[in-house]
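**Q** Before I ask anything, here is the structure I am working with.
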Amino acid sequence: MAIDAAHPVPPAYPRSAGWDQIPPHVPKELVFSSGLTTGPEFLANPHDFMANMHDRYPPIFYDVSEHINAWQFLKHEDALFALRHWEYFSNEGATPFPRDPNDYFYFIPIEIDPPEHRKYRNIVDPLFSPRGVLKLENLIRQRSRDLLDEFADKGECEFTTAFGRPLPVSVFLDIMGLPQDMRDTFVEWAVNLLHARDRETMGRAMANIVAYIKQAIAEKKAHPDEGVISRIAHAAPDGQPLSDKEIFGFVIFLFIGGLDTVFATLNNIWLWLARNPERVEEIIARPDDIDNIVEELLRRWSVTFSGRVVAQDIEMRGVKLKKGDRITCVLPACNFDADVFPDPLEVNFDRPRKTILAFTVGVHSCMGAHLARLELKIALQEWLKRIPRFSVKPGAEIEYRPGGVVGPEAVPLIW
Ligand code: HEM
């Protein structure tokens with residue numbers, strides 16, 4: 001059925017969770033409880049954990065957890081199939097973010113299946129195309145330099161708060177057409193929304209974001225500018241302006257999708273760099289290979305997952321998946337599939353080019369992928385120019401946070 005995002009309704013399929021909610025068609029021998037994203041073994045070293053999943057579990061298995069039960073897809077080939085066949089694997093109701101059922105809205109474009117999905121991507125894709133984001137190069141470079149000026153001569157910093165978070169947030173504010181003096185407030189809201197351990201702090205952050213975004217949309221409607229919010233607020237695909245719910249669901253998803261993923265990616269990579277000075281030297285010595293370097297780092301340190309809901313029964317690898325079942329493509333595990341990336345944990349800048357799954361593939365492939373690649377490239381270039389040798393602060397304990405975006409909480413560095 002076509003999705004009417006102007007009149008959203010809560011998803012039809014419930015989320016099952018726990019051992020007493022395993023559907024009868026799931027064979028016992030395929031049921032496990034892996035602890036993916038929350039268990040102690042995952043939190044001790046999430047990327048090694050996801051690489052090891054290939055040895056511990058069948059390529060498609062049913063994972064029981066107290067939050068959500070789902071089929072996990074570990075093979076690159078299976079993820080490519082699922083992500084390219086939306087007629088079997090739908091995005092409607094597939095995200096984990098809860099909303100008020102009495103004031104429901106869709107996260108756009110992530111929860112919208114084709115053909116409606118295209119209408120939304122067409123509004124913003126030109127701004128996020130490779131050519132579109134190149135226009136942002138000078139700005140991202142300037143923002144990186146401004147941040148580095150604040151701490152480069154201090155000999156130490158906590159990477160996440162000094163650089164990893166403020167860089168993408170300040171770029172995001174520019175793109176959206178929001179004022180830079182909101183940077184630290186936005187960082188605080190984003191962190192509280194996505195990582196607070198209590199629901200009250202999370203709820204307050206969400207309420208602040210919602211109020212601010214609604215007000216920003218109203219302002220952009222009255223005073224159009226070149227920013228993304230204004231572009232969405234004034235869009236009229238097929239001559240039909242978007243409804244308030246569509247505009248809101250679109251803008252808020254950019255906030256959710258575009259910040260945490262970049263912080264987490266930078267954190268993982270800087271931790272690895274700090275522990276591998278000889279690889280830092282290699283990166284500095286190969287400036288012309290920066291694009292391959294960025295791609296391999298994104299493969300090795302991919303941070304998130306693609307959830308889908310089975311839209312019609314299908315059998316894969318002999319496993320019967322039924323309409324309404326949930327699946328997760330464990331993208332980091334797929335990026336460690338040795339059939340596609342031999343010696344998968346090794347960071348090898350000379351790997352033959354293959355499709356990496358950090359940004360997913362198919363219609364929902366990440367809209368911000370070119371921007372994220374550019375941010376990562378410039379962050380590496382500017383940081384390594386100013387701080388070419390650095391290491392993890394002695395005694396620092398690196399802790400990973402639970403949840404659907406994988407990365408260390410804090411990365412204390414010295415140089
Ligand atoms: C390294 C950073 C990033 C990573 C690893 C990442 C990863 C992803 C992934 C895996 C998806 C697909 C999710 C799914 O299939 O269910 C996705 C979708 C999306 N991302 Fe990103 N992302 C990053 C940065 C960004 C940025 C900077 C923006 C925006 C400014 C952004 C906006 C989006 C949007 C709008 C979608 C939904 C696309 C659609 O449904 O058509 N992302 N991202």
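Each chain in the structure tokens gets a letter, A, B and so on, in the order shown; residues start at 1 in every chain, and ligands are counted from 1 in the order they appear.
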With a cut-off of 7 Å, could you pull out the residues of chain A touching ligand 1 and give me the nearest pair of atoms for each, distance in Å to one decimal, using only C-alpha atoms and all ligand atoms, ordered by chain and ascending number, as JSON lines?
**A**
```
{"residue": "A:Ile108", "atom": "CA", "partner": "ligand 1", "partner_atom_place_in_ligand_line": "40 (O)", "distance": 6.8}
{"residue": "A:Pro109", "atom": "CA", "partner": "ligand 1", "partner_atom_place_in_ligand_line": "40 (O)", "distance": 4.3}
{"residue": "A:Ile110", "atom": "CA", "partner": "ligand 1", "partner_atom_place_in_ligand_line": "40 (O)", "distance": 3.2}
{"residue": "A:Glu111", "atom": "CA", "partner": "ligand 1", "partner_atom_place_in_ligand_line": "40 (O)", "distance": 6.6}
{"residue": "A:His117", "atom": "CA", "partner": "ligand 1", "partner_atom_place_in_ligand_line": "41 (O)", "distance": 6.9}
{"residue": "A:Arg121", "atom": "CA", "partner": "ligand 1", "partner_atom_place_in_ligand_line": "41 (O)", "distance": 6.3}
{"residue": "A:Phe172", "atom": "CA", "partner": "ligand 1", "partner_atom_place_in_ligand_line": "30 (C)", "distance": 6.5}
{"residue": "A:Phe253", "atom": "CA", "partner": "ligand 1", "partner_atom_place_in_ligand_line": "35 (C)", "distance": 6.5}
{"residue": "A:Leu254", "atom": "CA", "partner": "ligand 1", "partner_atom_place_in_ligand_line": "35 (C)", "distance": 5.2}
{"residue": "A:Gly257", "atom": "CA", "partner": "ligand 1", "partner_atom_place_in_ligand_line": "32 (C)", "distance": 4.7}
{"residue": "A:Gly258", "atom": "CA", "partner": "ligand 1", "partner_atom_place_in_ligand_line": "26 (C)", "distance": 3.4}
{"residue": "A:Leu259", "atom": "CA", "partner": "ligand 1", "partner_atom_place_in_ligand_line": "27 (C)", "distance": 6.2}
{"residue": "A:Thr261", "atom": "CA", "partner": "ligand 1", "partner_atom_place_in_ligand_line": "2 (C)", "distance": 4.5}
{"residue": "A:Val262", "atom": "CA", "partner": "ligand 1", "partner_atom_place_in_ligand_line": "2 (C)", "distance": 4.0}
{"residue": "A:Thr265", "atom": "CA", "partner": "ligand 1", "partner_atom_place_in_ligand_line": "1 (C)", "distance": 5.4}
{"residue": "A:Ser302", "atom": "CA", "partner": "ligand 1", "partner_atom_place_in_ligand_line": "5 (C)", "distance": 5.9}
{"residue": "A:Val303", "atom": "CA", "partner": "ligand 1", "partner_atom_place_in_ligand_line": "5 (C)", "distance": 5.6}
{"residue": "A:Thr304", "atom": "CA", "partner": "ligand 1", "partner_atom_place_in_ligand_line": "10 (C)", "distance": 5.5}
{"residue": "A:Phe305", "atom": "CA", "partner": "ligand 1", "partner_atom_place_in_ligand_line": "10 (C)", "distance": 5.6}
{"residue": "A:Ser306", "atom": "CA", "partner": "ligand 1", "partner_atom_place_in_ligand_line": "16 (O)", "distance": 3.7}
{"residue": "A:Gly307", "atom": "CA", "partner": "ligand 1", "partner_atom_place_in_ligand_line": "16 (O)", "distance": 5.3}
{"residue": "A:Ala358", "atom": "CA", "partner": "ligand 1", "partner_atom_place_in_ligand_line": "5 (C)", "distance": 5.2}
{"residue": "A:Phe359", "atom": "CA", "partner": "ligand 1", "partner_atom_place_in_ligand_line": "10 (C)", "distance": 4.0}
{"residue": "A:Thr360", "atom": "CA", "partner": "ligand 1", "partner_atom_place_in_ligand_line": "10 (C)", "distance": 4.6}
{"residue": "A:Val363", "atom": "CA", "partner": "ligand 1", "partner_atom_place_in_ligand_line": "41 (O)", "distance": 5.9}
{"residue": "A:His364", "atom": "CA", "partner": "ligand 1", "partner_atom_place_in_ligand_line": "41 (O)", "distance": 3.5}
{"residue": "A:Ser365", "atom": "CA", "partner": "ligand 1", "partner_atom_place_in_ligand_line": "12 (C)", "distance": 5.3}
{"residue": "A:Cys366", "atom": "CA", "partner": "ligand 1", "partner_atom_place_in_ligand_line": "18 (C)", "distance": 3.5}
{"residue": "A:Met367", "atom": "CA", "partner": "ligand 1", "partner_atom_place_in_ligand_line": "33 (C)", "distance": 4.5}
{"residue": "A:Gly368", "atom": "CA", "partner": "ligand 1", "partner_atom_place_in_ligand_line": "28 (C)", "distance": 3.5}
{"residue": "A:Ala369", "atom": "CA", "partner": "ligand 1", "partner_atom_place_in_ligand_line": "24 (C)", "distance": 5.5}
{"residue": "A:Leu371", "atom": "CA", "partner": "ligand 1", "partner_atom_place_in_ligand_line": "27 (C)", "distance": 5.7}
{"residue": "A:Ala372", "atom": "CA", "partner": "ligand 1", "partner_atom_place_in_ligand_line": "27 (C)", "distance": 4.9}
{"residue": "A:Arg373", "atom": "CA", "partner": "ligand 1", "partner_atom_place_in_ligand_line": "1 (C)", "distance": 6.9}
```
**Q** Contacts of Glu150 (chain A) at 10 Å or less, counting only C-alpha atoms, minus same-chain residues fewer than 5 places along, as an MDAnalysis selection string?
**A** chainID A and resid 145 162:163
**Q** Given only C-alpha atoms as the basis, pick out the residue of A:Ile123, A:Met53, A:Val406, A:Val64 nearest to Leu194 (chain A).
**A**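 Closest to Leu194 (chain A), using only C-alpha atoms: A:Val406.
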**Q** Which neighbours of Ser230 (chain A) fall inside 9 Å, counting only C-alpha atoms, when residues of the same chain fewer than 3 positions from it are skipped, and could you give them as JSON, numbers by chain?
**A** {"A": [176, 177, 216, 217, 219, 220, 221, 223, 224, 225, 226, 227, 233, 234, 235]}
**Q** Keeping C-alpha atoms for every residue in the selection just given, could you write it to a file as a PDB file, in the first residue's frame?
**A**
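Result file follows (result15.pdb):
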```pdb
ATOM      1  CA  MET A 176      20.815  23.537   7.656  1.00  0.00           C
ATOM      2  CA  GLY A 177      20.952  27.333   7.829  1.00  0.00           C
ATOM      3  CA  ALA A 216      13.250  27.115  12.862  1.00  0.00           C
ATOM      4  CA  ILE A 217      10.831  25.699  10.270  1.00  0.00           C
ATOM      5  CA  GLU A 219      11.121  31.101  10.551  1.00  0.00           C
ATOM      6  CA  LYS A 220      12.374  29.572   7.302  1.00  0.00           C
ATOM      7  CA  LYS A 221       8.845  29.501   5.942  1.00  0.00           C
ATOM      8  CA  HIS A 223      12.176  34.071   5.503  1.00  0.00           C
ATOM      9  CA  PRO A 224      13.525  31.617   2.927  1.00  0.00           C
ATOM     10  CA  ASP A 225      17.293  31.121   2.589  1.00  0.00           C
ATOM     11  CA  GLU A 226      19.740  28.711   0.936  1.00  0.00           C
ATOM     12  CA  GLY A 227      19.837  26.214   3.828  1.00  0.00           C
ATOM     13  CA  ALA A 233      10.007  23.866   4.007  1.00  0.00           C
ATOM     14  CA  HIS A 234       9.433  25.373   0.556  1.00  0.00           C
ATOM     15  CA  ALA A 235       9.545  22.157  -1.461  1.00  0.00           C
TER      16      ALA A 235
END
```
**Q** I want to know what sits within 8 Å of Ala70 (chain A), based on only C-alpha atoms, with residues of the same chain fewer than 6 positions away left out; could you give that as an mmCIF file with N, CA and C atoms, in the first residue's frame?
**A**
```cif
data_model
loop_
_atom_site.group_PDB
_atom_site.id
_atom_site.type_symbol
_atom_site.label_atom_id
_atom_site.label_comp_id
_atom_site.auth_asym_id
_atom_site.auth_seq_id
_atom_site.Cartn_x
_atom_site.Cartn_y
_atom_site.Cartn_z
ATOM 1 N N TYR A 62 18.437 -16.105 14.226
ATOM 2 C CA TYR A 62 17.396 -15.336 14.931
ATOM 3 C C TYR A 62 17.953 -14.934 16.291
ATOM 4 N N ASP A 63 18.044 -13.632 16.509
ATOM 5 C CA ASP A 63 18.685 -13.114 17.711
ATOM 6 C C ASP A 63 17.629 -12.606 18.681
ATOM 7 N N VAL A 64 17.669 -13.164 19.882
ATOM 8 C CA VAL A 64 16.678 -12.775 20.898
ATOM 9 C C VAL A 64 17.313 -11.750 21.820
ATOM 10 N N ASP A 325 8.347 -10.274 10.137
ATOM 11 C CA ASP A 325 9.612 -10.523 10.854
ATOM 12 C C ASP A 325 10.506 -9.302 10.676
ATOM 13 N N ARG A 326 11.348 -9.069 11.670
ATOM 14 C CA ARG A 326 12.323 -7.991 11.525
ATOM 15 C C ARG A 326 13.687 -8.570 11.187
ATOM 16 N N ILE A 327 14.420 -7.856 10.376
ATOM 17 C CA ILE A 327 15.796 -8.280 10.092
ATOM 18 C C ILE A 327 16.734 -7.101 10.355
ATOM 19 N N THR A 328 17.985 -7.441 10.664
ATOM 20 C CA THR A 328 19.016 -6.408 10.756
ATOM 21 C C THR A 328 20.193 -6.836 9.898
#
```
**Q** Mind the document's chain letters and residue numbers, and return as a ChimeraX atom specification the residues of region 141-251 of chain A that DSSP labels helix (DSSP H, G or I).
**A** /A:141-154,159-164,166-176,180-195,199-222,228-233,237-239,244-251
**Q** Write the residues of the preceding selection, restricted to C-alpha atoms, as a PDB file, in the first residue's frame.
**A**
```
ATOM      1  CA  ARG A 141      38.480  23.037   6.364  1.00  0.00           C
ATOM      2  CA  GLN A 142      37.995  26.380   8.089  1.00  0.00           C
ATOM      3  CA  ARG A 143      35.843  24.851  10.826  1.00  0.00           C
ATOM      4  CA  SER A 144      38.475  22.122  11.396  1.00  0.00           C
ATOM      5  CA  ARG A 145      41.260  24.714  11.656  1.00  0.00           C
ATOM      6  CA  ASP A 146      39.260  26.900  14.036  1.00  0.00           C
ATOM      7  CA  LEU A 147      38.718  23.928  16.333  1.00  0.00           C
ATOM      8  CA  LEU A 148      42.357  22.842  16.175  1.00  0.00           C
ATOM      9  CA  ASP A 149      43.420  26.403  17.054  1.00  0.00           C
ATOM     10  CA  GLU A 150      41.588  26.012  20.333  1.00  0.00           C
ATOM     11  CA  PHE A 151      43.685  23.094  21.615  1.00  0.00           C
ATOM     12  CA  ALA A 152      46.556  22.080  19.292  1.00  0.00           C
ATOM     13  CA  ASP A 153      49.237  23.739  21.448  1.00  0.00           C
ATOM     14  CA  LYS A 154      47.907  22.310  24.716  1.00  0.00           C
ATOM     15  CA  PHE A 159      39.035  14.062  21.171  1.00  0.00           C
ATOM     16  CA  THR A 160      35.242  13.696  21.205  1.00  0.00           C
ATOM     17  CA  THR A 161      34.444  16.954  22.963  1.00  0.00           C
ATOM     18  CA  ALA A 162      37.291  18.967  21.418  1.00  0.00           C
ATOM     19  CA  PHE A 163      36.933  17.890  17.781  1.00  0.00           C
ATOM     20  CA  GLY A 164      34.876  14.772  16.994  1.00  0.00           C
ATOM     21  CA  PRO A 166      31.851  19.998  17.347  1.00  0.00           C
ATOM     22  CA  LEU A 167      33.194  19.549  13.797  1.00  0.00           C
ATOM     23  CA  PRO A 168      30.181  17.749  12.273  1.00  0.00           C
ATOM     24  CA  VAL A 169      27.736  19.778  14.371  1.00  0.00           C
ATOM     25  CA  SER A 170      29.147  23.102  13.171  1.00  0.00           C
ATOM     26  CA  VAL A 171      29.102  21.893   9.541  1.00  0.00           C
ATOM     27  CA  PHE A 172      25.554  20.606  10.021  1.00  0.00           C
ATOM     28  CA  LEU A 173      24.389  23.993  11.361  1.00  0.00           C
ATOM     29  CA  ASP A 174      25.844  25.737   8.301  1.00  0.00           C
ATOM     30  CA  ILE A 175      24.161  23.310   5.920  1.00  0.00           C
ATOM     31  CA  MET A 176      20.815  23.537   7.656  1.00  0.00           C
ATOM     32  CA  GLN A 180      26.748  28.759  14.849  1.00  0.00           C
ATOM     33  CA  ASP A 181      26.157  30.069  18.346  1.00  0.00           C
ATOM     34  CA  MET A 182      23.833  27.059  18.784  1.00  0.00           C
ATOM     35  CA  ARG A 183      26.755  24.643  18.366  1.00  0.00           C
ATOM     36  CA  ASP A 184      27.356  23.661  21.969  1.00  0.00           C
ATOM     37  CA  THR A 185      23.649  23.538  22.761  1.00  0.00           C
ATOM     38  CA  PHE A 186      23.089  21.241  19.768  1.00  0.00           C
ATOM     39  CA  VAL A 187      25.951  18.990  20.817  1.00  0.00           C
ATOM     40  CA  GLU A 188      24.408  18.725  24.289  1.00  0.00           C
ATOM     41  CA  TRP A 189      20.943  17.954  22.932  1.00  0.00           C
ATOM     42  CA  ALA A 190      22.267  15.369  20.489  1.00  0.00           C
ATOM     43  CA  VAL A 191      24.310  13.614  23.171  1.00  0.00           C
ATOM     44  CA  ASN A 192      21.433  13.620  25.657  1.00  0.00           C
ATOM     45  CA  LEU A 193      18.943  12.389  23.088  1.00  0.00           C
ATOM     46  CA  LEU A 194      21.094   9.577  21.775  1.00  0.00           C
ATOM     47  CA  HIS A 195      23.088   8.544  24.834  1.00  0.00           C
ATOM     48  CA  ARG A 199      14.587   8.503  29.875  1.00  0.00           C
ATOM     49  CA  GLU A 200      13.894  11.839  31.543  1.00  0.00           C
ATOM     50  CA  THR A 201      17.065  13.478  30.180  1.00  0.00           C
ATOM     51  CA  MET A 202      16.365  11.891  26.801  1.00  0.00           C
ATOM     52  CA  GLY A 203      12.777  13.176  26.828  1.00  0.00           C
ATOM     53  CA  ARG A 204      13.914  16.698  27.753  1.00  0.00           C
ATOM     54  CA  ALA A 205      16.487  16.699  24.940  1.00  0.00           C
ATOM     55  CA  MET A 206      13.854  15.508  22.461  1.00  0.00           C
ATOM     56  CA  ALA A 207      11.418  18.212  23.640  1.00  0.00           C
ATOM     57  CA  ASN A 208      14.103  20.917  23.204  1.00  0.00           C
ATOM     58  CA  ILE A 209      15.000  19.660  19.737  1.00  0.00           C
ATOM     59  CA  VAL A 210      11.368  19.422  18.657  1.00  0.00           C
ATOM     60  CA  ALA A 211      10.586  22.961  19.905  1.00  0.00           C
ATOM     61  CA  TYR A 212      13.706  24.408  18.285  1.00  0.00           C
ATOM     62  CA  ILE A 213      13.154  22.667  14.956  1.00  0.00           C
ATOM     63  CA  LYS A 214       9.483  23.672  14.811  1.00  0.00           C
ATOM     64  CA  GLN A 215      10.431  27.278  15.447  1.00  0.00           C
ATOM     65  CA  ALA A 216      13.250  27.115  12.862  1.00  0.00           C
ATOM     66  CA  ILE A 217      10.831  25.699  10.270  1.00  0.00           C
ATOM     67  CA  ALA A 218       8.354  28.530  10.949  1.00  0.00           C
ATOM     68  CA  GLU A 219      11.121  31.101  10.551  1.00  0.00           C
ATOM     69  CA  LYS A 220      12.374  29.572   7.302  1.00  0.00           C
ATOM     70  CA  LYS A 221       8.845  29.501   5.942  1.00  0.00           C
ATOM     71  CA  ALA A 222       8.576  33.237   6.571  1.00  0.00           C
ATOM     72  CA  VAL A 228      18.405  22.701   3.840  1.00  0.00           C
ATOM     73  CA  ILE A 229      15.569  23.495   6.270  1.00  0.00           C
ATOM     74  CA  SER A 230      14.338  26.278   4.028  1.00  0.00           C
ATOM     75  CA  ARG A 231      14.630  24.069   0.969  1.00  0.00           C
ATOM     76  CA  ILE A 232      12.522  21.364   2.587  1.00  0.00           C
ATOM     77  CA  ALA A 233      10.007  23.866   4.007  1.00  0.00           C
ATOM     78  CA  PRO A 237       7.105  18.040  -5.348  1.00  0.00           C
ATOM     79  CA  ASP A 238       4.510  17.593  -8.120  1.00  0.00           C
ATOM     80  CA  GLY A 239       3.260  21.078  -7.252  1.00  0.00           C
ATOM     81  CA  ASP A 244       3.985  20.194   8.437  1.00  0.00           C
ATOM     82  CA  LYS A 245       4.431  16.556   9.520  1.00  0.00           C
ATOM     83  CA  GLU A 246       6.505  15.743   6.453  1.00  0.00           C
ATOM     84  CA  ILE A 247       8.720  18.804   6.877  1.00  0.00           C
ATOM     85  CA  PHE A 248       9.221  18.072  10.551  1.00  0.00           C
ATOM     86  CA  GLY A 249       9.921  14.342  10.050  1.00  0.00           C
ATOM     87  CA  PHE A 250      12.459  15.140   7.350  1.00  0.00           C
ATOM     88  CA  VAL A 251      14.368  17.824   9.266  1.00  0.00           C
TER      89      VAL A 251
END
```
**Q** Please provide the set of residues having any atom within 10 Å of region 268-278 of chain A, restricted to only C-alpha atoms, with same-chain residues fewer than 6 positions apart removed, written as an NGL selection string.
**A** :A and (47 or 159-160 or 164 or 284 or 294 or 297-298 or 300-303 or 376 or 380 or 388-393 or 398 or 400 or 406-415)
**Q** Could you turn the residues from that selection into a file that holds C-alpha atoms, as a short mmCIF file (atom, residue, chain, number, x, y, z; two decimals), in the first residue's frame?
**A**
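Final output, result19.cif:
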```
data_model
loop_
_atom_site.label_atom_id
_atom_site.label_comp_id
_atom_site.auth_asym_id
_atom_site.auth_seq_id
_atom_site.Cartn_x
_atom_site.Cartn_y
_atom_site.Cartn_z
CA HIS A 47 34.33 -4.48 16.08
CA PHE A 159 39.03 14.06 21.17
CA THR A 160 35.24 13.70 21.21
CA GLY A 164 34.88 14.77 16.99
CA ILE A 284 50.93 11.19 5.98
CA VAL A 294 39.14 7.10 3.84
CA LEU A 297 38.87 3.30 7.30
CA LEU A 298 35.10 3.51 6.76
CA ARG A 300 37.07 -1.19 9.03
CA TRP A 301 35.23 1.14 11.40
CA SER A 302 31.66 1.15 10.16
CA VAL A 303 29.32 2.10 12.94
CA LEU A 376 36.57 12.55 7.42
CA LEU A 380 42.44 13.70 8.77
CA PRO A 388 51.11 14.29 13.41
CA ARG A 389 52.11 12.28 16.50
CA PHE A 390 49.67 11.47 19.27
CA SER A 391 48.72 8.64 21.56
CA VAL A 392 46.08 7.59 24.03
CA LYS A 393 46.52 9.31 27.40
CA ILE A 398 38.22 3.34 26.74
CA TYR A 400 32.06 1.73 24.42
CA VAL A 406 29.08 1.97 17.69
CA GLY A 407 32.00 3.93 19.07
CA PRO A 408 34.01 4.75 22.18
CA GLU A 409 32.45 7.19 24.59
CA ALA A 410 35.58 9.31 24.98
CA VAL A 411 39.09 9.25 23.51
CA PRO A 412 41.60 11.11 25.74
CA LEU A 413 44.73 11.93 23.71
CA ILE A 414 48.20 13.40 24.40
CA TRP A 415 50.96 14.62 22.08
#
```
**Q** If we count only C-alpha atoms, what is near Ala44 (chain A) at a cut-off of 8 Å, once residues fewer than 3 positions away on the same chain are taken out, given as a PyMOL selection string?
**A** chain A and resi 40-41+399-400
